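**Q** Dropping in my_file_17.cif, with mmCIF, C-alpha atoms and all ligand atoms.
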data_entry
loop_
_atom_site.label_atom_id
_atom_site.label_comp_id
_atom_site.auth_asym_id
_atom_site.auth_seq_id
_atom_site.Cartn_x
_atom_site.Cartn_y
_atom_site.Cartn_z
CA MET A 6 -21.27 -7.18 -21.18
CA ALA A 7 -18.62 -5.51 -23.32
CA LEU A 8 -19.74 -2.54 -25.41
CA SER A 9 -19.58 -2.69 -29.23
CA LYS A 10 -17.25 -0.31 -31.06
CA LYS A 11 -20.17 1.89 -32.04
CA GLU A 12 -21.49 2.04 -28.48
CA LEU A 13 -18.03 2.88 -27.18
CA LYS A 14 -17.70 5.76 -29.64
CA LEU A 15 -21.10 7.06 -28.60
CA LYS A 16 -20.14 6.85 -24.93
CA GLU A 17 -16.87 8.71 -25.55
CA LYS A 18 -18.78 11.45 -27.32
CA GLU A 19 -21.23 11.74 -24.45
CA ILE A 20 -18.38 11.99 -21.90
CA LYS A 21 -16.63 14.70 -23.94
CA LYS A 22 -19.83 16.72 -24.20
CA PHE A 23 -20.49 16.37 -20.47
CA ASN A 24 -16.91 17.41 -19.58
CA LYS A 25 -17.02 20.40 -21.93
CA GLN A 26 -20.19 21.61 -20.21
CA LYS A 27 -18.59 21.12 -16.77
CA PHE A 28 -15.41 23.00 -17.73
CA LYS A 29 -17.53 25.87 -19.01
CA GLU A 30 -19.45 26.07 -15.73
CA TYR A 31 -16.33 25.91 -13.56
CA THR A 32 -14.38 28.43 -15.67
CA LYS A 33 -17.28 30.87 -15.55
CA GLN A 34 -17.46 30.48 -11.79
CA LYS A 35 -13.69 30.91 -11.38
CA ASN A 36 -13.43 34.01 -13.56
CA ARG A 37 -16.11 35.97 -11.69
CA LYS A 38 -14.91 39.29 -10.27
CA ASN A 39 -15.96 40.86 -6.94
CA VAL A 40 -17.47 37.70 -5.48
CA PRO A 41 -19.61 38.80 -2.49
CA GLU A 42 -18.16 37.74 0.86
CA GLN A 43 -21.31 35.98 2.00
CA GLU A 44 -20.66 33.32 -0.65
CA TYR A 45 -17.54 32.09 1.10
CA VAL A 46 -17.47 33.49 4.66
CA THR A 47 -18.93 30.96 7.07
CA GLN A 48 -18.78 29.62 10.66
CA MET A 49 -16.99 26.67 12.22
CA LYS A 50 -19.27 23.92 13.58
CA ASN A 51 -16.79 23.62 16.47
CA PRO A 52 -14.57 26.63 17.31
CA ASP A 53 -11.82 24.28 18.57
CA ASN A 54 -11.22 23.20 14.98
CA LEU A 55 -8.88 24.87 12.52
CA ILE A 56 -10.29 22.94 9.55
CA GLU A 57 -13.52 21.05 8.93
CA PHE A 58 -13.81 18.91 5.80
CA ASP A 59 -17.53 18.43 5.36
CA ASN A 60 -18.77 16.00 2.71
CA LEU A 61 -15.97 17.03 0.33
CA GLN A 62 -16.33 15.74 -3.21
CA THR A 63 -13.44 16.21 -5.62
CA TYR A 64 -13.77 14.85 -9.12
CA PHE A 65 -11.56 14.54 -12.20
CA TYR A 66 -13.44 14.89 -15.46
CA THR A 67 -11.35 12.60 -17.69
CA ASP A 68 -11.96 11.29 -21.23
CA ALA A 69 -12.69 7.88 -19.69
CA GLY A 70 -15.35 9.29 -17.36
CA THR A 71 -15.67 11.08 -14.02
CA VAL A 72 -13.15 9.89 -11.44
CA LYS A 73 -14.64 10.44 -7.99
CA SER A 74 -11.27 10.66 -6.23
CA VAL A 75 -12.77 12.11 -3.06
CA ASP A 76 -16.37 11.14 -2.59
CA GLY A 77 -17.96 12.65 0.52
CA VAL A 78 -15.07 12.99 2.95
CA SER A 79 -15.68 14.54 6.39
CA PHE A 80 -13.19 15.03 9.21
CA ASP A 81 -11.85 17.81 11.45
CA ILE A 82 -8.40 19.12 12.24
CA PRO A 83 -8.43 20.60 15.76
CA ILE A 84 -6.21 23.60 16.57
CA GLY A 85 -2.71 22.53 17.65
CA LYS A 86 -3.28 18.83 16.90
CA THR A 87 -1.82 16.39 14.39
CA VAL A 88 -4.22 14.40 12.25
CA GLY A 89 -2.89 11.42 10.32
CA VAL A 90 -4.62 10.59 7.03
CA VAL A 91 -3.93 6.98 6.09
CA GLY A 92 -4.76 4.60 3.27
CA GLU A 93 -3.16 2.67 0.43
CA SER A 94 -2.00 4.41 -2.69
CA GLY A 95 -4.88 5.85 -4.73
CA CYS A 96 -7.32 6.29 -1.84
CA GLY A 97 -7.64 10.06 -2.29
CA LYS A 98 -5.28 11.37 0.38
CA SER A 99 -3.31 13.71 -1.87
CA VAL A 100 -6.41 14.90 -3.72
CA THR A 101 -7.95 15.84 -0.35
CA SER A 102 -4.92 17.99 0.50
CA LEU A 103 -4.69 19.51 -3.00
CA SER A 104 -8.38 20.51 -2.70
CA LEU A 105 -7.58 22.29 0.54
CA MET A 106 -4.55 24.03 -0.96
CA GLY A 107 -6.38 25.09 -4.14
CA LEU A 108 -3.80 23.20 -6.18
CA LEU A 109 -6.02 20.84 -8.18
CA PRO A 110 -4.99 20.61 -11.83
CA GLY A 111 -7.71 22.61 -13.62
CA PRO A 112 -9.97 22.37 -15.45
CA TYR A 113 -10.02 18.55 -15.02
CA GLY A 114 -9.82 18.44 -11.24
CA GLN A 115 -12.63 20.28 -9.44
CA ILE A 116 -14.31 20.43 -6.07
CA ALA A 117 -17.75 19.22 -7.07
CA GLY A 118 -19.44 19.54 -3.69
CA GLY A 119 -19.16 19.88 0.08
CA GLU A 120 -17.27 22.41 2.19
CA ILE A 121 -13.76 22.92 3.55
CA ARG A 122 -14.17 25.38 6.42
CA TYR A 123 -10.94 27.04 7.47
CA ASN A 124 -10.36 29.47 10.31
CA SER A 125 -7.91 31.88 8.68
CA LYS A 126 -5.51 33.78 10.91
CA ASN A 127 -4.60 36.36 8.26
CA LEU A 128 -8.14 36.98 7.02
CA GLY A 129 -9.51 37.00 10.57
CA LYS A 130 -12.53 34.95 9.53
CA VAL A 131 -13.75 31.48 8.71
CA VAL A 132 -13.89 30.78 4.97
CA ASN A 133 -15.24 27.93 2.89
CA ILE A 134 -12.26 27.05 0.71
CA ALA A 135 -14.49 25.20 -1.76
CA LYS A 136 -16.02 28.57 -2.69
CA LEU A 137 -13.04 30.85 -2.09
CA PRO A 138 -11.96 33.07 -5.03
CA GLN A 139 -8.45 32.20 -6.28
CA SER A 140 -7.01 35.61 -5.40
CA ILE A 141 -7.92 35.22 -1.73
CA HIS A 142 -6.76 31.62 -1.65
CA GLY A 143 -3.29 32.82 -2.67
CA LYS A 144 -3.07 34.92 0.51
CA ILE A 145 -3.65 31.87 2.71
CA ARG A 146 -1.48 29.48 0.75
CA GLY A 147 2.11 29.98 1.75
CA GLY A 148 1.05 32.77 4.10
CA GLU A 149 -0.30 30.66 6.92
CA ILE A 150 -0.50 27.15 5.43
CA SER A 151 2.68 25.35 4.39
CA MET A 152 2.95 22.22 2.36
CA ILE A 153 5.72 19.63 2.53
CA PHE A 154 5.75 17.09 -0.32
CA GLN A 155 7.21 13.60 -0.50
CA GLU A 156 9.87 14.65 -2.97
CA PRO A 157 11.73 17.74 -1.65
CA MET A 158 12.76 18.78 -5.17
CA THR A 159 9.06 19.57 -5.84
CA SER A 160 9.52 22.59 -3.59
CA LEU A 161 13.12 23.51 -4.42
CA ASN A 162 14.43 25.29 -7.48
CA PRO A 163 17.62 23.67 -8.78
CA ILE A 164 19.14 26.92 -10.08
CA PHE A 165 19.08 28.94 -6.84
CA THR A 166 21.07 28.45 -3.65
CA ILE A 167 19.32 27.32 -0.47
CA GLY A 168 19.92 30.77 1.05
CA GLU A 169 18.36 32.58 -1.90
CA GLN A 170 15.27 30.39 -1.82
CA ILE A 171 14.55 30.78 1.89
CA GLU A 172 15.26 34.51 1.73
CA GLU A 173 12.77 34.85 -1.09
CA VAL A 174 10.03 33.38 1.10
CA ILE A 175 10.96 35.78 3.93
CA TYR A 176 10.94 38.69 1.48
CA TYR A 177 7.51 37.70 0.17
CA HIS A 178 6.04 37.77 3.68
CA ASP A 179 8.09 40.58 5.13
CA PRO A 180 9.33 42.92 2.36
CA LYS A 181 10.51 45.50 4.92
CA GLU A 182 13.14 43.16 6.40
CA THR A 183 16.72 44.25 5.57
CA LYS A 184 19.07 42.12 3.48
CA GLU A 185 21.19 41.32 6.53
CA GLY A 186 18.07 40.56 8.59
CA ARG A 187 16.86 38.12 5.94
CA LYS A 188 20.18 36.31 6.00
CA GLN A 189 20.19 36.08 9.79
CA ARG A 190 16.66 34.70 9.82
CA THR A 191 17.55 32.17 7.12
CA LEU A 192 20.56 30.93 9.11
CA GLU A 193 18.40 30.65 12.23
CA LEU A 194 15.77 28.64 10.36
CA LEU A 195 18.45 26.27 9.06
CA LYS A 196 19.74 25.81 12.60
CA ALA A 197 16.19 25.23 13.87
CA VAL A 198 15.79 22.22 11.56
CA GLY A 199 18.94 20.62 12.89
CA ILE A 200 21.40 21.63 10.18
CA SER A 201 24.99 22.23 11.22
CA ARG A 202 27.53 24.14 9.07
CA VAL A 203 24.67 26.51 8.18
CA GLU A 204 26.90 29.03 6.35
CA GLU A 205 28.00 26.29 3.99
CA ILE A 206 24.48 24.96 3.36
CA TYR A 207 23.27 28.54 2.86
CA LYS A 208 25.55 28.81 -0.18
CA SER A 209 24.82 25.30 -1.54
CA TYR A 210 22.57 24.31 -4.42
CA PRO A 211 19.87 21.65 -3.85
CA HIS A 212 21.71 18.97 -5.88
CA GLU A 213 24.68 19.22 -3.52
CA LEU A 214 22.59 17.98 -0.59
CA SER A 215 21.30 14.52 0.39
CA GLY A 216 17.56 13.72 0.36
CA GLY A 217 17.27 14.08 4.13
CA MET A 218 19.07 17.44 4.10
CA ARG A 219 16.84 18.70 1.30
CA GLN A 220 13.75 17.71 3.27
CA ARG A 221 15.13 19.64 6.27
CA VAL A 222 15.63 22.66 4.01
CA VAL A 223 12.04 22.36 2.75
CA ILE A 224 10.80 22.27 6.34
CA ALA A 225 12.91 25.36 7.15
CA MET A 226 11.41 27.06 4.10
CA SER A 227 7.88 26.10 5.13
CA LEU A 228 8.52 27.65 8.55
CA ALA A 229 9.70 30.92 7.01
CA CYS A 230 6.13 32.14 6.61
CA GLY A 231 5.20 31.42 10.25
CA PRO A 232 2.51 28.88 9.40
CA ASN A 233 -0.21 27.81 11.79
CA PHE A 234 -1.01 24.80 9.65
CA ILE A 235 1.34 22.35 7.94
CA VAL A 236 0.25 19.79 5.37
CA ALA A 237 2.86 17.06 5.04
CA ASP A 238 2.15 14.60 2.21
CA GLU A 239 4.24 11.46 2.73
CA PRO A 240 7.14 13.65 3.95
CA THR A 241 9.44 10.72 4.74
CA THR A 242 8.44 8.10 2.19
CA ALA A 243 11.39 8.82 -0.12
CA LEU A 244 13.94 8.68 2.72
CA ASP A 245 15.97 5.92 4.42
CA VAL A 246 14.51 4.55 7.64
CA THR A 247 16.97 6.27 9.99
CA ILE A 248 16.56 9.62 8.23
CA GLN A 249 12.76 9.11 8.32
CA ALA A 250 12.87 8.90 12.10
CA GLN A 251 14.98 12.07 12.31
CA ILE A 252 12.62 14.05 10.08
CA LEU A 253 9.59 12.86 12.07
CA ASP A 254 11.31 13.89 15.32
CA LEU A 255 12.00 17.26 13.78
CA LEU A 256 8.38 17.76 12.69
CA ARG A 257 7.09 16.81 16.12
CA ASP A 258 9.53 19.12 17.84
CA LEU A 259 8.63 22.05 15.58
CA LYS A 260 4.92 21.49 15.97
CA ASN A 261 5.27 21.74 19.72
CA ARG A 262 7.34 24.89 19.41
CA ILE A 263 5.05 26.81 17.08
CA ASN A 264 1.79 25.15 18.20
CA ALA A 265 0.73 24.50 14.61
CA SER A 266 -1.79 21.92 13.44
CA ILE A 267 -0.50 19.24 11.11
CA MET A 268 -2.26 17.13 8.51
CA LEU A 269 0.09 14.21 8.07
CA ILE A 270 -0.59 12.07 5.02
CA THR A 271 0.99 8.64 5.00
CA HIS A 272 0.39 5.04 3.96
CA ASP A 273 2.23 3.94 7.12
CA LEU A 274 0.24 3.48 10.32
CA GLY A 275 3.52 3.26 12.24
CA VAL A 276 4.17 6.93 11.45
CA VAL A 277 0.68 7.82 12.67
CA ALA A 278 1.18 5.92 15.93
CA GLU A 279 4.25 8.00 16.67
CA MET A 280 3.09 11.38 15.48
CA ALA A 281 -0.65 11.90 15.45
CA ASP A 282 -3.43 12.67 17.92
CA TYR A 283 -6.22 11.65 15.54
CA VAL A 284 -6.34 9.32 12.57
CA VAL A 285 -8.56 9.22 9.50
CA ILE A 286 -8.56 5.98 7.49
CA MET A 287 -9.46 6.50 3.83
CA TYR A 288 -10.48 3.85 1.36
CA ALA A 289 -11.42 4.46 -2.29
CA GLY A 290 -12.17 8.15 -1.80
CA ARG A 291 -14.15 7.78 1.43
CA VAL A 292 -13.47 7.76 5.16
CA VAL A 293 -14.05 4.28 6.59
CA GLU A 294 -12.91 4.87 10.16
CA LYS A 295 -11.72 7.87 12.19
CA GLY A 296 -11.00 8.82 15.75
CA GLU A 297 -8.36 9.23 18.42
CA VAL A 298 -5.16 7.37 17.61
CA LYS A 299 -5.03 5.66 21.01
CA GLU A 300 -8.56 4.36 20.64
CA ILE A 301 -8.23 3.14 17.07
CA PHE A 302 -4.96 1.32 17.66
CA LYS A 303 -6.40 -0.39 20.72
CA ASN A 304 -9.79 -1.15 19.26
CA PRO A 305 -9.80 -1.04 15.44
CA LYS A 306 -13.23 -1.80 14.00
CA HIS A 307 -13.17 -1.63 10.21
CA PRO A 308 -11.79 -4.74 8.45
CA TYR A 309 -9.64 -2.41 6.31
CA THR A 310 -8.09 -0.75 9.38
CA LYS A 311 -7.43 -4.18 10.86
CA GLY A 312 -5.75 -5.22 7.60
CA LEU A 313 -3.59 -2.08 7.57
CA LEU A 314 -2.56 -2.75 11.18
CA LYS A 315 -1.68 -6.32 10.32
CA SER A 316 0.43 -5.25 7.36
CA ARG A 317 2.45 -2.83 9.49
CA PRO A 318 6.05 -3.88 10.00
CA VAL A 319 6.78 -4.32 13.71
CA LEU A 320 10.42 -4.08 14.71
CA ASN A 321 12.04 -7.06 16.48
CA GLU A 322 9.08 -9.37 15.90
CA GLY A 323 10.96 -11.57 13.48
CA THR A 324 8.09 -11.95 11.00
CA ASP A 325 9.41 -13.43 7.78
CA ARG A 326 6.83 -12.05 5.43
CA LEU A 327 4.62 -9.06 5.87
CA TYR A 328 0.88 -9.58 5.63
CA SER A 329 -0.71 -7.63 2.81
CA ILE A 330 -4.44 -7.15 2.26
CA PRO A 331 -5.41 -9.29 -0.74
CA GLY A 332 -6.83 -7.57 -3.85
CA ALA A 333 -6.64 -3.93 -4.90
CA VAL A 334 -8.52 -0.65 -4.56
CA PRO A 335 -11.43 -0.66 -7.10
CA ASN A 336 -11.37 1.53 -10.21
CA PRO A 337 -12.78 4.91 -9.14
CA ILE A 338 -14.63 5.37 -12.45
CA ASN A 339 -16.72 2.28 -11.82
CA MET A 340 -17.16 1.88 -8.10
CA PRO A 341 -19.07 -1.28 -7.17
CA SER A 342 -22.51 -1.08 -5.59
CA GLY A 343 -22.59 -1.56 -1.82
CA CYS A 344 -19.41 -1.40 0.29
CA PHE A 345 -16.32 -0.49 -1.75
CA PHE A 346 -14.21 -2.90 0.31
CA LYS A 347 -16.48 -5.91 -0.22
CA ASN A 348 -14.21 -7.79 -2.66
CA ARG A 349 -11.34 -7.77 -0.19
CA CYS A 350 -13.26 -8.28 3.03
CA GLU A 351 -13.29 -11.55 4.95
CA ASP A 352 -16.40 -10.48 6.87
CA CYS A 353 -18.49 -9.55 3.81
CA MET A 354 -22.25 -10.23 4.27
CA ASP A 355 -25.22 -10.18 1.85
CA ILE A 356 -26.15 -6.61 2.66
CA CYS A 357 -22.58 -5.41 1.87
CA ASP A 358 -23.15 -6.31 -1.75
CA SER A 359 -25.86 -3.76 -2.38
CA VAL A 360 -25.97 -1.14 0.39
CA TYR A 361 -23.15 1.28 1.28
CA PRO A 362 -22.89 1.21 5.10
CA SER A 363 -23.77 4.30 7.11
CA ILE A 364 -21.57 5.85 9.78
CA VAL A 365 -21.72 4.31 13.29
CA ASP A 366 -20.54 5.94 16.54
CA VAL A 367 -18.28 3.52 18.38
CA SER A 368 -17.75 6.29 20.94
CA ASP A 369 -17.90 10.10 20.91
CA THR A 370 -14.43 10.16 19.37
CA HIS A 371 -14.47 7.01 17.24
CA LYS A 372 -16.58 6.44 14.10
CA VAL A 373 -16.71 3.55 11.65
CA THR A 374 -18.56 2.90 8.40
CA CYS A 375 -19.21 -0.84 8.19
CA HIS A 376 -22.32 -3.06 8.29
CA LEU A 377 -20.82 -5.27 11.00
CA TYR A 378 -21.61 -2.54 13.51
CA ASN A 379 -24.87 -1.33 11.95
CA GLU A 380 -26.24 -4.83 12.55
CA ARG A 381 -25.05 -5.07 16.09
CA LYS A 382 -26.60 -1.71 16.86
CA GLU A 383 -29.95 -2.70 15.42
CA GLY A 384 -29.94 -6.21 16.88
N1 LIG A 401 -4.89 14.38 -12.37
C1 LIG A 401 -5.66 13.29 -12.19
N2 LIG A 401 -6.47 12.83 -13.18
C2 LIG A 401 -7.26 11.75 -13.01
N3 LIG A 401 -7.32 11.05 -11.88
C3 LIG A 401 -6.54 11.43 -10.86
C4 LIG A 401 -5.67 12.57 -10.95
N4 LIG A 401 -5.01 12.71 -9.78
C5 LIG A 401 -5.46 11.70 -8.99
N5 LIG A 401 -6.36 10.95 -9.63
C6 LIG A 401 -7.07 9.75 -9.10
O1 LIG A 401 -7.62 10.06 -7.86
C7 LIG A 401 -7.51 8.95 -6.98
C8 LIG A 401 -6.86 9.40 -5.68
O2 LIG A 401 -5.52 9.81 -5.93
P1 LIG A 401 -4.56 10.36 -4.79
O3 LIG A 401 -5.29 11.32 -3.94
O4 LIG A 401 -3.35 10.83 -5.48
O5 LIG A 401 -4.25 9.05 -3.95
P2 LIG A 401 -3.28 8.88 -2.69
O6 LIG A 401 -4.17 8.39 -1.60
O7 LIG A 401 -2.30 7.83 -3.11
O8 LIG A 401 -2.63 10.19 -2.39
C9 LIG A 401 -6.71 7.88 -7.73
O9 LIG A 401 -7.63 6.95 -8.25
C10 LIG A 401 -6.07 8.65 -8.83
O10 LIG A 401 -5.90 7.81 -9.95
S1 LIG A 402 -19.49 -3.25 5.18
FE1 LIG A 402 -19.30 -5.45 4.82
S2 LIG A 402 -17.83 -5.67 3.14
FE2 LIG A 402 -17.66 -3.59 3.94
S3 LIG A 402 -16.02 -3.71 5.41
FE3 LIG A 402 -17.91 -4.00 6.57
S4 LIG A 402 -18.24 -6.20 6.60
FE4 LIG A 402 -16.69 -5.81 5.06
MG MG A 403 -0.57 10.67 -2.47
#
Can I see the file as structure tokens?
Ligand SMILES: Nc1ncnc2c1ncn2[C@@H]1O[C@H](COP(=O)(O)OP(=O)(O)O)[C@@H](O)[C@H]1O
Ligand code: SF4
Ligand SMILES: [Mg+2]
**A**
Amino acid sequence: MALSKKELKLKEKEIKKFNKQKFKEYTKQKNRKNVPEQEYVTQMKNPDNLIEFDNLQTYFYTDAGTVKSVDGVSFDIPIGKTVGVVGESGCGKSVTSLSLMGLLPGPYGQIAGGEIRYNSKNLGKVVNIAKLPQSIHGKIRGGEISMIFQEPMTSLNPIFTIGEQIEEVIYYHDPKETKEGRKQRTLELLKAVGISRVEEIYKSYPHELSGGMRQRVVIAMSLACGPNFIVADEPTTALDVTIQAQILDLLRDLKNRINASIMLITHDLGVVAEMADYVVIMYAGRVVEKGEVKEIFKNPKHPYTKGLLKSRPVLNEGTDRLYSIPGAVPNPINMPSGCFFKNRCEDCMDICDSVYPSIVDVSDTHKVTCHLYNERKEG
């Protein structure tokens, strides 16, 4: 039933009051000085992991209500492995990575619960990023974690040359390096990402380069800090298909060379098939299926994963029209009761309408959250 004007006004007032209280709490927490280490130093559940997202909840406190963009997300990123995070637009992929990077737009966007455990090379300890003071976060960000965005201009400054920008990163991490040494290292990095005529590119401004070249430059820049973890958020979405393939090849090659872990965010399962060891399928702020890429491509369980696989373009198959999953991701302010995918699911049952499914082990390395498998297990 629609609310009357008066009721709407009252609701708005309530939301504003609630948000104000939340902002006050978060700001107080953020501005604390000398936070004792025991509040954020922790242990990995599995020492083979570099990162463990554990029941992460990231909310936006908006005037229209609380948007639960990430609502209890758990998955691991093992050392030296690539994990693909997949889902349609609006599923919470970017918000998950921004939570990790400490780049949520404050005070609206906040980690409201859960942990992000990270084994930090520079700090020499495991920290819970959800509780990490800003000043310490800064040391990790850009120091050992690099981020590559969809649009390379997000990371490039239009008024400086490519050489100046990469040298600045080197200077930040290694202030003792000589001017000549910085230039040499910059030229080497440009070569390492497959750029020829490096002296020319070194002197160029970002607008003089094509999209693919700019993305190569961003990757070179992200390597300048010697990262052991790279977050790539739709790194090839803005590029032509042939350039996409080249950039993916480059990322794979670099990962093998520096033995970094990669969190690769994409809406394209084809990219995951080529690049990743593990895959996490997100839907409406939650993980619906996760596991080894090989296993999930061979034996997908969740109806959403099956839909994504069906809507994947397959080269040389001559399909006229691509399948697309009917319907849209629900509004995150008013999530339905029961399974969030129920309105788009061909297999929907009575129980799906009222109960959110619990996680089911398909195997040790494959998990799914869907009533189809709960039932089978019980029956
Ligand atoms: N600054 C913001 N304010 C309010 N809602 C946001 C904000 N940023 C993201 N969201 C919401 O969070 C949800 C997840 O967004 P996002 O993580 O960007 O999705 P994607 O999977 O496409 O990367 C979406 O519903 C989006 O509308
Ligand atoms: S829980 Fe029910 S509605 Fe949700 S995906 Fe599984 S079968 Fe479909
Ligand atoms: Mg995104």
**Q** Let me have the centre and edge lengths in Å, one decimal, of the box along x, y and z around every listed atom of ligand LIG 401 (chain A) with 6 Å of margin on each side, as JSON.
**A**
{"center_x": -5.0, "center_y": 10.7, "center_z": -7.4, "size_x": 17.3, "size_y": 19.4, "size_z": 23.6}
**Q** Between A:Gly129, A:Pro232, A:Gly111, A:Gly217, single out the one closest to Val246 in chain A, counting only C-alpha atoms.
**A** A:Gly217
**Q** To check your reading of the model: which residues sit at most 12 Å from ligand MG 403 (chain A) when counting all atoms listed in the file? Write the answer as a CSV table (one decimal) with C-alpha atoms, in the frame of the given file.
**A**
chain,number,residue,atom,x,y,z
A,74,SER,CA,-11.3,10.7,-6.2
A,90,VAL,CA,-4.6,10.6,7.0
A,91,VAL,CA,-3.9,7.0,6.1
A,92,GLY,CA,-4.8,4.6,3.3
A,93,GLU,CA,-3.2,2.7,0.4
A,94,SER,CA,-2.0,4.4,-2.7
A,95,GLY,CA,-4.9,5.8,-4.7
A,96,CYS,CA,-7.3,6.3,-1.8
A,97,GLY,CA,-7.6,10.1,-2.3
A,98,LYS,CA,-5.3,11.4,0.4
A,99,SER,CA,-3.3,13.7,-1.9
A,100,VAL,CA,-6.4,14.9,-3.7
A,101,THR,CA,-8.0,15.8,-0.4
A,102,SER,CA,-4.9,18.0,0.5
A,103,LEU,CA,-4.7,19.5,-3.0
A,154,PHE,CA,5.8,17.1,-0.3
A,155,GLN,CA,7.2,13.6,-0.5
A,156,GLU,CA,9.9,14.6,-3.0
A,237,ALA,CA,2.9,17.1,5.0
A,238,ASP,CA,2.2,14.6,2.2
A,239,GLU,CA,4.2,11.5,2.7
A,240,PRO,CA,7.1,13.6,4.0
A,242,THR,CA,8.4,8.1,2.2
A,269,LEU,CA,0.1,14.2,8.1
A,270,ILE,CA,-0.6,12.1,5.0
A,271,THR,CA,1.0,8.6,5.0
A,272,HIS,CA,0.4,5.0,4.0
A,287,MET,CA,-9.5,6.5,3.8
A,290,GLY,CA,-12.2,8.2,-1.8
**Q** May I have the residues within 9 Å of range 172-189 of chain A as a compact mmCIF listing (two decimals) with C-alpha atoms, keeping the file's coordinate frame, using all atoms listed in the file and disregarding those fewer than 4 positions away in the same chain?
**A**
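After the write, out.txt holds the following:
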# COMPACT_ATOMS: atom_id res chain seq x y z
CA GLY A 147 2.11 29.98 1.75
CA GLY A 148 1.05 32.77 4.10
CA ILE A 167 19.32 27.32 -0.47
CA GLY A 168 19.92 30.77 1.05
CA GLU A 193 18.40 30.65 12.23
CA LEU A 194 15.77 28.64 10.36
CA TYR A 207 23.27 28.54 2.86
CA MET A 226 11.41 27.06 4.10
CA SER A 227 7.88 26.10 5.13
CA ALA A 229 9.70 30.92 7.01
CA CYS A 230 6.13 32.14 6.61
**Q** Which residues are near ligand LIG 402 (chain A) in this structure, taking near to mean any atom at most 6 Å from a ligand atom and counting only C-alpha atoms and all ligand atoms? Format them as a ChimeraX atom specification.
**A** /A:307-308,344,346-347,350,352-354,357,362,375-377
**Q** Residues as selected, C-alpha atoms, written as a PDB file, in the coordinates of the input, can you do that?
**A**
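The resulting file, part30.pdb, is shown below:
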ATOM      1  CA  HIS A 307     -13.170  -1.630  10.210  1.00  0.00           C
ATOM      2  CA  PRO A 308     -11.790  -4.740   8.450  1.00  0.00           C
ATOM      3  CA  CYS A 344     -19.410  -1.400   0.290  1.00  0.00           C
ATOM      4  CA  PHE A 346     -14.210  -2.900   0.310  1.00  0.00           C
ATOM      5  CA  LYS A 347     -16.480  -5.910  -0.220  1.00  0.00           C
ATOM      6  CA  CYS A 350     -13.260  -8.280   3.030  1.00  0.00           C
ATOM      7  CA  ASP A 352     -16.400 -10.480   6.870  1.00  0.00           C
ATOM      8  CA  CYS A 353     -18.490  -9.550   3.810  1.00  0.00           C
ATOM      9  CA  MET A 354     -22.250 -10.230   4.270  1.00  0.00           C
ATOM     10  CA  CYS A 357     -22.580  -5.410   1.870  1.00  0.00           C
ATOM     11  CA  PRO A 362     -22.890   1.210   5.100  1.00  0.00           C
ATOM     12  CA  CYS A 375     -19.210  -0.840   8.190  1.00  0.00           C
ATOM     13  CA  HIS A 376     -22.320  -3.060   8.290  1.00  0.00           C
ATOM     14  CA  LEU A 377     -20.820  -5.270  11.000  1.00  0.00           C
TER      15      LEU A 377
END
**Q** Just the number, please: distance in Å from CA of Val88 in chain A to CA of Ala281 in chain A, one decimal.
**A**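 Interatomic distance, CA of Val88 in chain A to CA of Ala281 in chain A: 5.4 Å.
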**Q** Select, from A:Ile141, A:Ile134, A:Leu195, A:Ala289, the residue with the minimum atom-to-atom distance to ligand LIG 401 (chain A), counting all atoms listed in the file.
**A**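 The answer is A:Ala289, which sits nearest to ligand LIG 401 (chain A).
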**Q** To one decimal place, how far is CA of Asn162 in chain A from CA of Leu228 in chain A in Å?
**A**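 If I compute the distance from CA of Asn162 in chain A to CA of Leu228 in chain A, I get 17.2 Å.
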